[in-house]
file input01.cif (mmCIF, C-alpha atoms and all ligand atoms)
data_model
loop_
_atom_site.label_atom_id
_atom_site.label_comp_id
_atom_site.auth_asym_id
_atom_site.auth_seq_id
_atom_site.Cartn_x
_atom_site.Cartn_y
_atom_site.Cartn_z
CA MET A 34 358.52 -4.54 -11.18
CA GLY A 35 355.04 -5.51 -10.00
CA ARG A 36 351.76 -4.85 -8.36
CA ALA A 37 350.52 -6.06 -4.97
CA LEU A 38 347.05 -5.99 -3.46
CA ILE A 39 347.23 -5.56 0.32
CA ILE A 40 344.07 -6.59 2.18
CA GLY A 41 343.57 -5.04 5.63
CA ALA A 42 344.42 -1.56 6.87
CA GLY A 43 345.29 -2.20 10.52
CA GLY A 44 348.55 -2.18 12.48
CA VAL A 45 350.36 -4.81 10.41
CA ALA A 46 349.02 -3.55 7.07
CA SER A 47 350.34 -0.08 7.83
CA VAL A 48 353.88 -1.48 8.17
CA VAL A 49 353.52 -3.58 5.00
CA VAL A 50 352.44 -0.46 3.11
CA HIS A 51 355.36 1.60 4.47
CA LYS A 52 357.84 -1.13 3.59
CA CYS A 53 356.46 -1.70 0.08
CA CYS A 54 356.79 2.03 -0.52
CA GLN A 55 360.42 1.93 0.67
CA ASN A 56 360.96 -0.92 -1.79
CA SER A 57 359.52 0.71 -4.90
CA GLU A 58 361.91 -1.17 -7.20
CA VAL A 59 359.87 -4.29 -6.46
CA PHE A 60 356.50 -2.77 -5.58
CA ASP A 61 355.88 -0.10 -8.16
CA GLU A 62 352.13 -0.21 -7.52
CA ILE A 63 350.09 -1.23 -4.49
CA CYS A 64 346.38 -1.22 -3.76
CA ILE A 65 345.26 -1.08 -0.11
CA ALA A 66 341.82 -2.64 0.25
CA SER A 67 339.89 -3.16 3.47
CA ARG A 68 336.46 -3.15 5.07
CA THR A 69 336.80 0.48 6.16
CA LYS A 70 338.03 2.41 3.14
CA SER A 71 338.78 5.58 5.11
CA LYS A 72 341.62 3.70 6.86
CA CYS A 73 343.09 2.78 3.44
CA ASP A 74 342.77 6.39 2.31
CA ALA A 75 344.50 7.63 5.47
CA LEU A 76 347.44 5.33 4.75
CA LYS A 77 347.55 6.48 1.15
CA GLU A 78 347.49 10.12 2.29
CA LYS A 79 350.48 9.51 4.55
CA LEU A 80 352.57 7.70 1.96
CA GLN A 81 351.73 8.98 -1.48
CA GLY A 82 354.26 11.11 -3.31
CA GLY A 83 356.94 8.44 -3.44
CA LYS A 84 357.75 6.18 -6.38
CA THR A 85 355.14 3.53 -5.50
CA LYS A 86 351.74 4.33 -6.95
CA ILE A 87 349.04 3.78 -4.30
CA THR A 88 345.35 3.18 -4.89
CA THR A 89 342.66 2.16 -2.39
CA ALA A 90 339.47 0.13 -2.45
CA GLN A 91 336.66 -1.03 -0.21
CA VAL A 92 336.24 -4.79 0.10
CA ASP A 93 334.53 -7.24 2.39
CA ALA A 94 337.08 -10.03 2.45
CA ASN A 95 334.47 -12.50 3.72
CA ASN A 96 332.83 -12.19 0.31
CA VAL A 97 334.59 -14.22 -2.41
CA ASP A 98 332.74 -12.54 -5.30
CA GLU A 99 333.73 -9.06 -4.13
CA LEU A 100 337.33 -10.22 -3.82
CA ILE A 101 337.32 -11.77 -7.29
CA ALA A 102 335.90 -8.57 -8.80
CA LEU A 103 338.58 -6.48 -7.09
CA ILE A 104 341.42 -8.80 -8.14
CA ASN A 105 340.15 -8.92 -11.73
CA GLU A 106 339.96 -5.16 -11.83
CA TYR A 107 343.37 -4.47 -10.21
CA GLN A 108 345.27 -7.47 -11.70
CA PRO A 109 347.90 -7.83 -8.93
CA GLU A 110 350.67 -10.42 -9.05
CA ILE A 111 350.15 -11.17 -5.38
CA VAL A 112 347.54 -10.68 -2.67
CA ILE A 113 349.08 -9.91 0.74
CA ASN A 114 346.48 -10.88 3.31
CA VAL A 115 346.95 -8.84 6.49
CA ALA A 116 343.27 -8.74 7.44
CA LEU A 117 342.22 -11.28 10.09
CA PRO A 118 342.72 -15.08 10.16
CA TYR A 119 338.95 -15.48 9.59
CA GLN A 120 339.40 -14.28 5.98
CA ASP A 121 342.21 -16.64 4.90
CA LEU A 122 340.02 -19.14 3.06
CA THR A 123 337.83 -16.65 1.21
CA ILE A 124 340.93 -14.80 0.02
CA MET A 125 342.58 -18.09 -1.03
CA ASP A 126 339.40 -18.99 -2.96
CA ALA A 127 339.52 -15.66 -4.78
CA CYS A 128 343.22 -16.15 -5.57
CA LEU A 129 342.44 -19.59 -7.02
CA ALA A 130 339.61 -18.23 -9.15
CA THR A 131 341.85 -15.48 -10.55
CA LYS A 132 345.18 -17.42 -10.57
CA THR A 133 346.89 -14.91 -8.29
CA HIS A 134 349.68 -15.65 -5.79
CA TYR A 135 348.80 -15.45 -2.07
CA LEU A 136 350.61 -14.65 1.21
CA ASP A 137 349.38 -14.35 4.80
CA THR A 138 350.76 -14.01 8.34
CA ALA A 139 348.36 -16.13 10.40
CA ASN A 140 346.62 -19.44 9.78
CA TYR A 141 342.90 -19.81 9.28
CA GLU A 142 340.68 -19.72 12.32
CA PRO A 143 336.89 -20.10 12.14
CA GLU A 144 335.28 -17.06 13.76
CA ASP A 145 332.94 -19.08 15.96
CA THR A 146 335.53 -21.56 17.34
CA ALA A 147 338.80 -20.50 19.00
CA LYS A 148 340.87 -23.10 17.18
CA PHE A 149 343.55 -22.64 14.59
CA GLU A 150 345.39 -25.25 12.56
CA TYR A 151 346.83 -25.58 9.07
CA SER A 152 344.60 -28.43 7.84
CA TRP A 153 342.10 -26.06 6.21
CA GLN A 154 344.77 -24.23 4.22
CA TRP A 155 346.91 -27.28 3.46
CA ALA A 156 343.79 -28.74 1.82
CA TYR A 157 344.32 -26.18 -1.00
CA ARG A 158 347.72 -27.64 -1.98
CA GLU A 159 346.67 -29.56 -5.04
CA ARG A 160 344.38 -26.83 -6.34
CA PHE A 161 347.11 -24.17 -6.06
CA GLU A 162 349.60 -26.52 -7.71
CA LYS A 163 347.22 -27.19 -10.61
CA ALA A 164 346.48 -23.48 -11.00
CA GLY A 165 350.26 -22.77 -11.13
CA ILE A 166 350.14 -20.31 -8.23
CA THR A 167 352.01 -20.08 -4.93
CA ALA A 168 350.58 -19.60 -1.44
CA ILE A 169 353.07 -18.64 1.28
CA LEU A 170 351.52 -19.28 4.68
CA GLY A 171 352.40 -17.60 7.96
CA CYS A 172 354.96 -15.04 6.78
CA GLY A 173 355.04 -12.68 9.76
CA PHE A 174 357.57 -13.05 12.58
CA ASP A 175 356.08 -15.94 14.50
CA PRO A 176 354.98 -17.73 12.44
CA GLY A 177 357.27 -16.57 9.69
CA VAL A 178 360.81 -15.56 10.58
CA THR A 179 360.87 -18.32 13.23
CA GLY A 180 360.37 -20.86 10.40
CA VAL A 181 363.04 -19.18 8.28
CA PHE A 182 365.42 -19.17 11.29
CA SER A 183 364.79 -22.91 11.76
CA ALA A 184 365.35 -23.67 8.07
CA TYR A 185 368.55 -21.58 8.11
CA ALA A 186 369.85 -23.45 11.17
CA MET A 187 369.04 -26.77 9.50
CA LYS A 188 370.69 -25.80 6.22
CA HIS A 189 373.94 -24.44 7.64
CA TYR A 190 374.65 -25.86 11.09
CA PHE A 191 372.92 -29.21 11.64
CA ASP A 192 372.55 -32.70 10.19
CA GLU A 193 369.56 -33.14 12.48
CA ILE A 194 367.76 -30.72 14.78
CA HIS A 195 366.29 -32.58 17.75
CA GLU A 196 364.78 -29.72 19.75
CA ILE A 197 363.59 -26.19 18.98
CA ASP A 198 362.45 -23.68 21.58
CA ILE A 199 360.89 -20.56 20.09
CA LEU A 200 361.15 -17.65 22.52
CA ASP A 201 358.99 -14.57 21.97
CA CYS A 202 359.81 -11.76 24.37
CA ASN A 203 358.13 -8.39 24.36
CA GLY A 204 360.07 -6.25 26.82
CA GLY A 205 358.08 -3.18 25.77
CA ASP A 206 355.99 -1.03 28.08
CA HIS A 207 353.00 0.97 26.75
CA GLY A 208 352.05 2.38 30.12
CA TYR A 209 348.50 0.94 30.14
CA PRO A 210 347.54 -1.60 32.85
CA PHE A 211 346.09 -3.80 30.06
CA ALA A 212 346.32 -3.60 26.27
CA THR A 213 347.26 -6.01 23.51
CA ASN A 214 349.94 -5.37 20.89
CA PHE A 215 347.98 -6.75 18.01
CA ASN A 216 344.30 -7.32 17.31
CA PRO A 217 342.89 -7.86 20.87
CA GLU A 218 340.36 -10.45 19.77
CA ILE A 219 342.95 -12.66 18.04
CA ASN A 220 345.50 -12.09 20.80
CA ILE A 221 343.15 -13.01 23.67
CA ARG A 222 341.81 -16.07 21.83
CA GLU A 223 345.42 -17.24 21.45
CA VAL A 224 346.61 -16.72 25.02
CA SER A 225 343.49 -17.94 26.82
CA ALA A 226 343.55 -21.25 24.94
CA LYS A 227 345.15 -24.42 26.33
CA GLY A 228 348.90 -24.65 25.78
CA SER A 229 350.57 -27.50 23.94
CA TYR A 230 353.90 -28.62 22.61
CA TRP A 231 354.99 -31.23 20.15
CA GLU A 232 357.08 -34.16 21.36
CA LYS A 233 358.06 -37.39 19.62
CA GLY A 234 355.29 -37.13 17.04
CA GLN A 235 352.47 -36.15 19.35
CA TRP A 236 350.92 -33.13 20.99
CA ILE A 237 351.17 -32.75 24.78
CA GLU A 238 348.41 -30.48 26.05
CA THR A 239 348.77 -28.18 29.07
CA GLU A 240 346.42 -25.86 30.92
CA PRO A 241 346.66 -22.20 29.82
CA MET A 242 349.86 -20.66 31.28
CA GLU A 243 350.61 -23.88 33.20
CA ILE A 244 354.29 -24.06 32.22
CA LYS A 245 356.37 -21.08 33.23
CA ARG A 246 360.10 -20.45 32.79
CA VAL A 247 362.32 -17.48 33.55
CA TYR A 248 364.76 -16.44 30.84
CA ASP A 249 367.47 -13.79 30.56
CA PHE A 250 366.92 -12.38 27.06
CA PRO A 251 369.89 -10.75 25.30
CA GLU A 252 369.45 -6.94 25.25
CA VAL A 253 366.13 -7.12 27.14
CA GLY A 254 366.81 -8.85 30.47
CA VAL A 255 365.10 -11.35 32.75
CA LYS A 256 361.43 -12.09 31.97
CA ASP A 257 358.78 -14.65 32.90
CA MET A 258 357.67 -16.65 29.89
CA TYR A 259 354.85 -19.16 29.46
CA LEU A 260 354.36 -22.10 27.15
CA LEU A 261 351.63 -21.52 24.53
CA HIS A 262 350.33 -23.44 21.57
CA HIS A 263 351.49 -21.68 18.42
CA GLU A 264 350.84 -22.42 14.78
CA GLU A 265 354.40 -22.89 13.52
CA LEU A 266 354.84 -25.86 15.88
CA GLU A 267 352.55 -27.78 13.56
CA SER A 268 354.45 -27.15 10.33
CA LEU A 269 357.97 -27.29 11.82
CA GLY A 270 357.09 -30.64 13.40
CA LEU A 271 356.66 -31.97 9.87
CA ASN A 272 359.31 -30.01 7.99
CA ILE A 273 362.42 -30.10 10.20
CA LYS A 274 364.42 -33.28 9.84
CA GLY A 275 364.94 -35.35 13.00
CA ILE A 276 362.87 -33.06 15.21
CA GLN A 277 361.81 -34.61 18.52
CA ARG A 278 360.44 -31.66 20.48
CA ILE A 279 359.27 -28.11 19.70
CA ARG A 280 357.96 -25.64 22.24
CA PHE A 281 356.85 -22.02 22.06
CA PHE A 282 357.22 -19.56 24.96
CA MET A 283 355.92 -16.00 25.18
CA THR A 284 356.63 -13.43 27.89
CA PHE A 285 353.80 -11.83 29.85
CA GLY A 286 353.94 -9.28 32.67
CA GLN A 287 352.04 -9.83 35.89
CA SER A 288 349.64 -6.94 35.22
CA TYR A 289 348.60 -8.43 31.86
CA LEU A 290 348.00 -11.87 33.39
CA THR A 291 346.04 -10.54 36.38
CA HIS A 292 343.76 -8.47 34.12
CA LEU A 293 343.29 -11.38 31.72
CA LYS A 294 342.32 -13.74 34.55
CA CYS A 295 339.81 -11.24 35.87
CA LEU A 296 338.31 -10.66 32.40
CA GLU A 297 338.07 -14.42 31.90
CA ASN A 298 336.46 -14.92 35.30
CA VAL A 299 333.72 -12.40 34.56
CA GLY A 300 333.07 -13.82 31.09
CA MET A 301 334.44 -10.93 29.03
CA THR A 302 336.75 -13.13 26.93
CA SER A 303 333.96 -15.46 25.81
CA ILE A 304 333.17 -15.79 22.10
CA GLU A 305 329.67 -17.14 22.79
CA PRO A 306 327.11 -14.49 21.72
CA ILE A 307 324.86 -13.09 24.49
CA MET A 308 321.77 -10.88 24.35
CA TYR A 309 322.34 -7.33 25.63
CA GLU A 310 319.48 -4.82 25.62
CA GLY A 311 317.76 -6.66 22.79
CA LYS A 312 320.92 -6.98 20.66
CA GLU A 313 323.21 -9.97 20.28
CA ILE A 314 326.82 -9.20 21.19
CA VAL A 315 329.99 -11.28 21.53
CA PRO A 316 331.68 -10.35 24.85
CA LEU A 317 335.21 -10.58 23.39
CA GLN A 318 334.28 -8.29 20.49
CA PHE A 319 332.80 -5.80 22.95
CA LEU A 320 336.00 -5.98 25.01
CA LYS A 321 338.00 -5.23 21.83
CA ALA A 322 335.93 -2.09 21.35
CA VAL A 323 336.83 -0.72 24.80
CA LEU A 324 340.54 -1.66 24.80
CA PRO A 325 343.20 0.64 23.32
CA ASP A 326 343.61 0.22 19.57
CA PRO A 327 346.98 -1.58 19.06
CA ALA A 328 347.77 0.90 16.28
CA SER A 329 347.64 3.71 18.90
CA LEU A 330 350.33 2.13 21.11
CA GLY A 331 353.22 3.21 18.86
CA PRO A 332 354.01 6.61 20.36
CA ARG A 333 353.83 5.38 23.96
CA THR A 334 355.61 2.02 23.80
CA VAL A 335 359.24 1.93 24.94
CA GLY A 336 361.64 -1.02 25.21
CA LYS A 337 362.57 -3.89 22.95
CA THR A 338 361.35 -7.21 21.62
CA ASN A 339 363.58 -10.25 21.27
CA ILE A 340 362.20 -13.15 19.23
CA GLY A 341 364.23 -16.16 18.18
CA CYS A 342 364.84 -19.89 18.10
CA ILE A 343 367.12 -22.09 20.17
CA CYS A 344 368.00 -25.25 18.25
CA LYS A 345 369.67 -28.36 19.71
CA GLY A 346 370.91 -31.16 17.51
CA ILE A 347 373.93 -32.79 15.90
CA LYS A 348 376.39 -31.96 13.16
CA ASP A 349 379.07 -34.49 12.11
CA GLY A 350 378.23 -36.57 15.18
CA LYS A 351 378.80 -33.67 17.60
CA GLU A 352 376.17 -31.92 19.70
CA VAL A 353 375.38 -28.35 18.58
CA ASN A 354 373.40 -25.65 20.41
CA TYR A 355 372.43 -22.60 18.35
CA TYR A 356 370.38 -19.48 19.11
CA VAL A 357 369.33 -17.04 16.40
CA TYR A 358 367.24 -13.99 17.29
CA ASN A 359 366.23 -10.48 16.36
CA VAL A 360 366.05 -7.55 18.76
CA CYS A 361 363.71 -4.75 17.76
CA ASP A 362 363.27 -1.40 19.49
CA HIS A 363 359.69 -0.11 19.77
CA GLN A 364 360.66 3.57 19.54
CA GLU A 365 362.99 3.02 16.57
CA CYS A 366 360.09 1.35 14.74
CA TYR A 367 357.81 4.21 15.62
CA LYS A 368 360.32 6.74 14.29
CA GLU A 369 360.62 4.82 11.03
CA VAL A 370 357.04 3.81 10.21
CA GLY A 371 354.80 5.15 13.01
CA SER A 372 354.10 1.69 14.55
CA GLN A 373 355.26 -0.31 17.55
CA ALA A 374 357.57 -3.31 17.18
CA ILE A 375 354.89 -6.03 17.15
CA SER A 376 353.31 -4.66 13.97
CA TYR A 377 356.77 -3.92 12.59
CA THR A 378 358.17 -7.40 13.18
CA THR A 379 355.10 -8.84 11.39
CA GLY A 380 354.84 -6.37 8.51
CA VAL A 381 358.49 -6.41 7.44
CA PRO A 382 358.61 -10.21 6.86
CA ALA A 383 355.28 -10.04 5.00
CA MET A 384 356.80 -7.50 2.59
CA ILE A 385 359.96 -9.61 2.27
CA GLY A 386 357.96 -12.79 1.55
CA ALA A 387 355.99 -10.97 -1.15
CA MET A 388 359.26 -9.69 -2.60
CA MET A 389 360.71 -13.25 -2.61
CA LEU A 390 357.71 -14.35 -4.61
CA MET A 391 357.72 -11.42 -6.99
CA ASN A 392 361.41 -11.77 -7.80
CA GLY A 393 360.91 -15.51 -8.40
CA LEU A 394 363.07 -16.81 -5.54
CA TRP A 395 360.13 -18.26 -3.61
CA LYS A 396 357.81 -19.04 -6.48
CA LYS A 397 356.64 -22.66 -6.76
CA PRO A 398 353.09 -23.78 -7.43
CA GLY A 399 351.38 -25.10 -4.30
CA VAL A 400 350.77 -24.12 -0.68
CA TYR A 401 353.86 -23.82 1.50
CA ASN A 402 355.04 -22.81 4.94
CA VAL A 403 358.06 -20.53 4.93
CA GLU A 404 360.56 -23.17 6.12
CA GLU A 405 359.95 -25.07 2.86
CA PHE A 406 361.79 -22.36 0.86
CA ASP A 407 365.49 -21.46 0.68
CA PRO A 408 366.07 -19.35 3.82
CA ASP A 409 369.26 -17.59 2.64
CA PRO A 410 367.84 -14.74 0.52
CA PHE A 411 365.18 -14.07 3.17
CA MET A 412 367.82 -13.94 5.95
CA GLU A 413 369.82 -11.45 3.87
CA ALA A 414 366.70 -9.36 3.28
CA LEU A 415 365.92 -9.27 7.03
CA ASN A 416 369.26 -7.55 7.60
CA LYS A 417 368.58 -5.07 4.82
CA TRP A 418 364.95 -4.24 5.59
CA GLY A 419 365.07 -3.52 9.32
CA LEU A 420 365.15 -6.83 11.21
CA PRO A 421 368.85 -7.72 11.59
CA TRP A 422 369.51 -10.97 13.41
CA LYS A 423 372.24 -12.26 15.69
CA GLU A 424 373.46 -15.77 16.39
CA THR A 425 375.37 -17.57 19.14
CA PHE A 426 376.54 -21.15 19.62
CA GLU A 427 376.60 -20.77 23.41
CA PRO A 428 372.99 -19.98 24.32
CA THR A 429 371.43 -20.40 27.74
CA LEU A 430 369.12 -23.37 27.23
CA VAL A 431 365.55 -23.62 28.55
CA ASP A 432 365.02 -26.60 30.90
P1 LIG B 501 344.08 -5.14 12.99
O1 LIG B 501 342.85 -5.49 13.72
O2 LIG B 501 344.85 -3.92 13.38
O3 LIG B 501 343.76 -5.01 11.42
C1 LIG B 501 342.95 -5.91 10.74
C2 LIG B 501 342.47 -5.24 9.48
O4 LIG B 501 341.69 -6.18 8.74
C3 LIG B 501 341.56 -4.04 9.76
O5 LIG B 501 341.90 -2.99 8.88
C4 LIG B 501 340.17 -4.59 9.47
O6 LIG B 501 339.24 -3.66 8.99
C5 LIG B 501 340.48 -5.55 8.35
N1 LIG B 501 339.40 -6.51 8.19
C6 LIG B 501 338.80 -7.27 9.15
N2 LIG B 501 337.80 -7.98 8.64
C7 LIG B 501 337.74 -7.65 7.33
C8 LIG B 501 336.91 -8.04 6.26
N3 LIG B 501 335.91 -8.93 6.42
N4 LIG B 501 337.14 -7.50 5.04
C9 LIG B 501 338.12 -6.61 4.82
N5 LIG B 501 338.95 -6.21 5.81
C10 LIG B 501 338.75 -6.72 7.04
O7 LIG B 501 345.02 -6.44 13.06
P2 LIG B 501 346.61 -6.49 12.96
O8 LIG B 501 347.06 -5.59 11.87
O9 LIG B 501 347.17 -6.37 14.31
O10 LIG B 501 346.82 -8.01 12.48
C11 LIG B 501 346.67 -8.38 11.12
C12 LIG B 501 347.01 -9.86 10.95
O11 LIG B 501 348.34 -10.11 11.34
C13 LIG B 501 346.14 -10.81 11.81
O12 LIG B 501 345.77 -11.91 11.03
C14 LIG B 501 347.08 -11.24 12.91
O13 LIG B 501 346.74 -12.52 13.41
C15 LIG B 501 348.39 -11.28 12.15
N6 LIG B 501 349.58 -11.21 13.02
C16 LIG B 501 350.61 -12.08 12.76
C17 LIG B 501 351.75 -12.06 13.54
C18 LIG B 501 352.90 -12.91 13.18
O14 LIG B 501 354.00 -12.70 13.70
N7 LIG B 501 352.79 -13.89 12.31
C19 LIG B 501 351.88 -11.15 14.70
C20 LIG B 501 350.78 -10.21 14.82
C21 LIG B 501 349.66 -10.28 14.03
P3 LIG B 501 338.47 -2.63 9.97
O15 LIG B 501 339.42 -1.49 10.06
O16 LIG B 501 337.21 -2.30 9.27
O17 LIG B 501 338.26 -3.34 11.27
#

call {"tool": "encode", "arguments": {"input": "input01.cif", "output": "structure tokens"}}
result
Amino acid sequence: MGRALIIGAGGVASVVVHKCCQNSEVFDEICIASRTKSKCDALKEKLQGGKTKITTAQVDANNVDELIALINEYQPEIVINVALPYQDLTIMDACLATKTHYLDTANYEPEDTAKFEYSWQWAYRERFEKAGITAILGCGFDPGVTGVFSAYAMKHYFDEIHEIDILDCNGGDHGYPFATNFNPEINIREVSAKGSYWEKGQWIETEPMEIKRVYDFPEVGVKDMYLLHHEELESLGLNIKGIQRIRFFMTFGQSYLTHLKCLENVGMTSIEPIMYEGKEIVPLQFLKAVLPDPASLGPRTVGKTNIGCICKGIKDGKEVNYYVYNVCDHQECYKEVGSQAISYTTGVPAMIGAMMLMNGLWKKPGVYNVEEFDPDPFMEALNKWGLPWKETFEPTLVD
């Protein structure tokens, strides 16, 4: 049916490529393009022979002209950006110049400041609208499925949602004292930042890891979880009717936190460049180089993830509590696509979002967050493509 250009060849991209190849009725051709072409070729090697035709290319996604040349040559219907958040704007610029639809899984973050927010990408709204092309922002799991879950709850079970708690639990164990499940640089920038939540129209800021709760996750068990700032809080705060409070919690084990504190204390998580033996290096980038590659965690990670949303609100004047979540097993993911569950839970929704756009269900000119589209076909596709969800109207609430 169509052609997609996938930018990036890391952990998440690998899952997107696997899933597009499983869905050859929609993706009859894909091009994998990234900074290191050998990684694209390795993916192609693994997956070619099926119905989806795979090509590869080298591209520096920081360079708009290179991107435009590649898009003009390949003529995709959509660009799936699974490189790093630093490249969002250059890729959006290239999509605008070539009138090509766009999808990503993480909002733009300038490389030299650990700060992410949607304002930079929302500023493209009018230009995308005028060009007649769609940008779907944040279409991984969180952000991504968490927005679809919230929109689904709103559509079917509530007149108004007053509170949403997004709970992200990784009950997996990779056997290392310290490793991150996705790009270490992005992950550490996120968790070492101040926390915040959205309440009654304003942000309440907390110290990093200041707010801790203990939660008994279905199919995973009891875990410590900590309040973090997370990007979907910003868009859901605007898009969910009647919302008064949204929080995001993520689980962390004690070993991870102790190592992170130590690395912070010695300056290894800093993004300020320093001189080392006559060469400028960024400590966090050096740390990334010595940590295990997230893509290598697949074979050794056991256990499950549970990510979902607890919504509190009213329907027909009565109070409703609703919890919708997905449980994903690291080893099952590895058996299917050779990746652990964090890459899997991000890559599957990215493929589904691209499919929604290519089959016209989520195509409208402009720049949108996922909760602004009809959640029903996406929810159905989650069940079909490997991320089945469960719901309960009697959840344990978070205080
Ligand atoms: P990886 O580090 O494994 O992969 C990133 C890929 O992008 C690498 O192949 C890298 O190339 C490539 N890349 C980096 N810079 C450039 C550039 N300038 N030009 C071309 N390619 C480039 O990251 P992940 O796969 O773990 O994460 C991918 C994205 O998914 C990130 O944006 C992350 O924030 C997001 N994510 C979203 C989640 C969600 O639920 N919404 C959850 C997890 C991740 P090279 O191989 O040369 O380094």

call {"tool": "atom_distance", "arguments": {"input": "input01.cif", "atom1": "atom C18 of ligand LIG 501 (chain B)", "atom2": "atom CA of A:Asn56"}}
result
20.8 Å

call {"tool": "residues_near_ligand", "arguments": {"input": "input01.cif", "ligand": "ligand LIG 501 (chain B)", "cutoff": "7 Å", "atoms": "only C-alpha atoms and all ligand atoms", "output": "PDB file with C-alpha atoms, in the frame of the given file"}}
result
ATOM      1  CA  ILE A  40     344.070  -6.590   2.180  1.00  0.00           C
ATOM      2  CA  GLY A  41     343.570  -5.040   5.630  1.00  0.00           C
ATOM      3  CA  ALA A  42     344.420  -1.560   6.870  1.00  0.00           C
ATOM      4  CA  GLY A  43     345.290  -2.200  10.520  1.00  0.00           C
ATOM      5  CA  GLY A  44     348.550  -2.180  12.480  1.00  0.00           C
ATOM      6  CA  VAL A  45     350.360  -4.810  10.410  1.00  0.00           C
ATOM      7  CA  ALA A  46     349.020  -3.550   7.070  1.00  0.00           C
ATOM      8  CA  SER A  67     339.890  -3.160   3.470  1.00  0.00           C
ATOM      9  CA  ARG A  68     336.460  -3.150   5.070  1.00  0.00           C
ATOM     10  CA  THR A  69     336.800   0.480   6.160  1.00  0.00           C
ATOM     11  CA  LYS A  72     341.620   3.700   6.860  1.00  0.00           C
ATOM     12  CA  VAL A  92     336.240  -4.790   0.100  1.00  0.00           C
ATOM     13  CA  ASP A  93     334.530  -7.240   2.390  1.00  0.00           C
ATOM     14  CA  ALA A  94     337.080 -10.030   2.450  1.00  0.00           C
ATOM     15  CA  ASN A  95     334.470 -12.500   3.720  1.00  0.00           C
ATOM     16  CA  VAL A 115     346.950  -8.840   6.490  1.00  0.00           C
ATOM     17  CA  ALA A 116     343.270  -8.740   7.440  1.00  0.00           C
ATOM     18  CA  LEU A 117     342.220 -11.280  10.090  1.00  0.00           C
ATOM     19  CA  PRO A 118     342.720 -15.080  10.160  1.00  0.00           C
ATOM     20  CA  GLN A 120     339.400 -14.280   5.980  1.00  0.00           C
ATOM     21  CA  THR A 138     350.760 -14.010   8.340  1.00  0.00           C
ATOM     22  CA  ALA A 139     348.360 -16.130  10.400  1.00  0.00           C
ATOM     23  CA  GLY A 171     352.400 -17.600   7.960  1.00  0.00           C
ATOM     24  CA  CYS A 172     354.960 -15.040   6.780  1.00  0.00           C
ATOM     25  CA  GLY A 173     355.040 -12.680   9.760  1.00  0.00           C
ATOM     26  CA  PHE A 174     357.570 -13.050  12.580  1.00  0.00           C
ATOM     27  CA  ASP A 175     356.080 -15.940  14.500  1.00  0.00           C
ATOM     28  CA  PRO A 176     354.980 -17.730  12.440  1.00  0.00           C
ATOM     29  CA  GLY A 177     357.270 -16.570   9.690  1.00  0.00           C
ATOM     30  CA  PHE A 215     347.980  -6.750  18.010  1.00  0.00           C
ATOM     31  CA  ASN A 216     344.300  -7.320  17.310  1.00  0.00           C
ATOM     32  CA  ILE A 219     342.950 -12.660  18.040  1.00  0.00           C
ATOM     33  CA  PRO A 327     346.980  -1.580  19.060  1.00  0.00           C
ATOM     34  CA  ALA A 328     347.770   0.900  16.280  1.00  0.00           C
ATOM     35  CA  ILE A 375     354.890  -6.030  17.150  1.00  0.00           C
ATOM     36  CA  SER A 376     353.310  -4.660  13.970  1.00  0.00           C
ATOM     37  CA  THR A 378     358.170  -7.400  13.180  1.00  0.00           C
ATOM     38  CA  THR A 379     355.100  -8.840  11.390  1.00  0.00           C
TER      39      THR A 379
END

call {"tool": "closest_atom_pairs", "arguments": {"input": "input01.cif", "of": "stretch 140-184 of chain A", "to": "stretch 245-268 of chain A", "cutoff": "12 Å", "atoms": "only C-alpha atoms", "output": "Markdown table"}}
result
| residue | atom | partner | partner_atom | distance |
| --- | --- | --- | --- | --- |
| A:Asn140 | CA | A:Glu264 | CA | 7.2 |
| A:Tyr141 | CA | A:Glu264 | CA | 10.0 |
| A:Glu142 | CA | A:Glu264 | CA | 10.8 |
| A:Lys148 | CA | A:Glu264 | CA | 10.3 |
| A:Phe149 | CA | A:Glu264 | CA | 7.3 |
| A:Glu150 | CA | A:Glu264 | CA | 6.5 |
| A:Tyr151 | CA | A:Glu267 | CA | 7.6 |
| A:Ser152 | CA | A:Glu267 | CA | 9.8 |
| A:Gln154 | CA | A:Ser268 | CA | 11.8 |
| A:Trp155 | CA | A:Ser268 | CA | 10.2 |
| A:Leu170 | CA | A:Glu265 | CA | 10.0 |
| A:Gly171 | CA | A:Glu265 | CA | 7.9 |
| A:Cys172 | CA | A:Glu265 | CA | 10.4 |
| A:Gly173 | CA | A:Glu265 | CA | 10.9 |
| A:Phe174 | CA | A:Glu265 | CA | 10.4 |
| A:Asp175 | CA | A:Glu265 | CA | 7.2 |
| A:Pro176 | CA | A:Glu265 | CA | 5.3 |
| A:Gly177 | CA | A:Glu265 | CA | 7.9 |
| A:Val178 | CA | A:Glu265 | CA | 10.2 |
| A:Thr179 | CA | A:Glu265 | CA | 7.9 |
| A:Gly180 | CA | A:Glu265 | CA | 7.0 |
| A:Val181 | CA | A:Glu265 | CA | 10.8 |
| A:Phe182 | CA | A:Glu265 | CA | 11.8 |
| A:Ser183 | CA | A:Glu265 | CA | 10.5 |
| A:Ala184 | CA | A:Ser268 | CA | 11.7 |

call {"tool": "atom_distance", "arguments": {"input": "input01.cif", "atom1": "atom CA of A:Tyr157", "atom2": "atom CA of A:Ala186"}}
result
28.4 Å

call {"tool": "residues_around", "arguments": {"input": "input01.cif", "residues": "stretch 386-392 of chain A", "least_positions_apart": "5", "cutoff": "10 Å", "atoms": "all atoms listed in the file", "output": "MDAnalysis selection string"}}
result
chainID A and resid 34:37 49 53 56 59:60 110:113 134:138 167:173 177:178 380:381 397 403 406 410:411 414
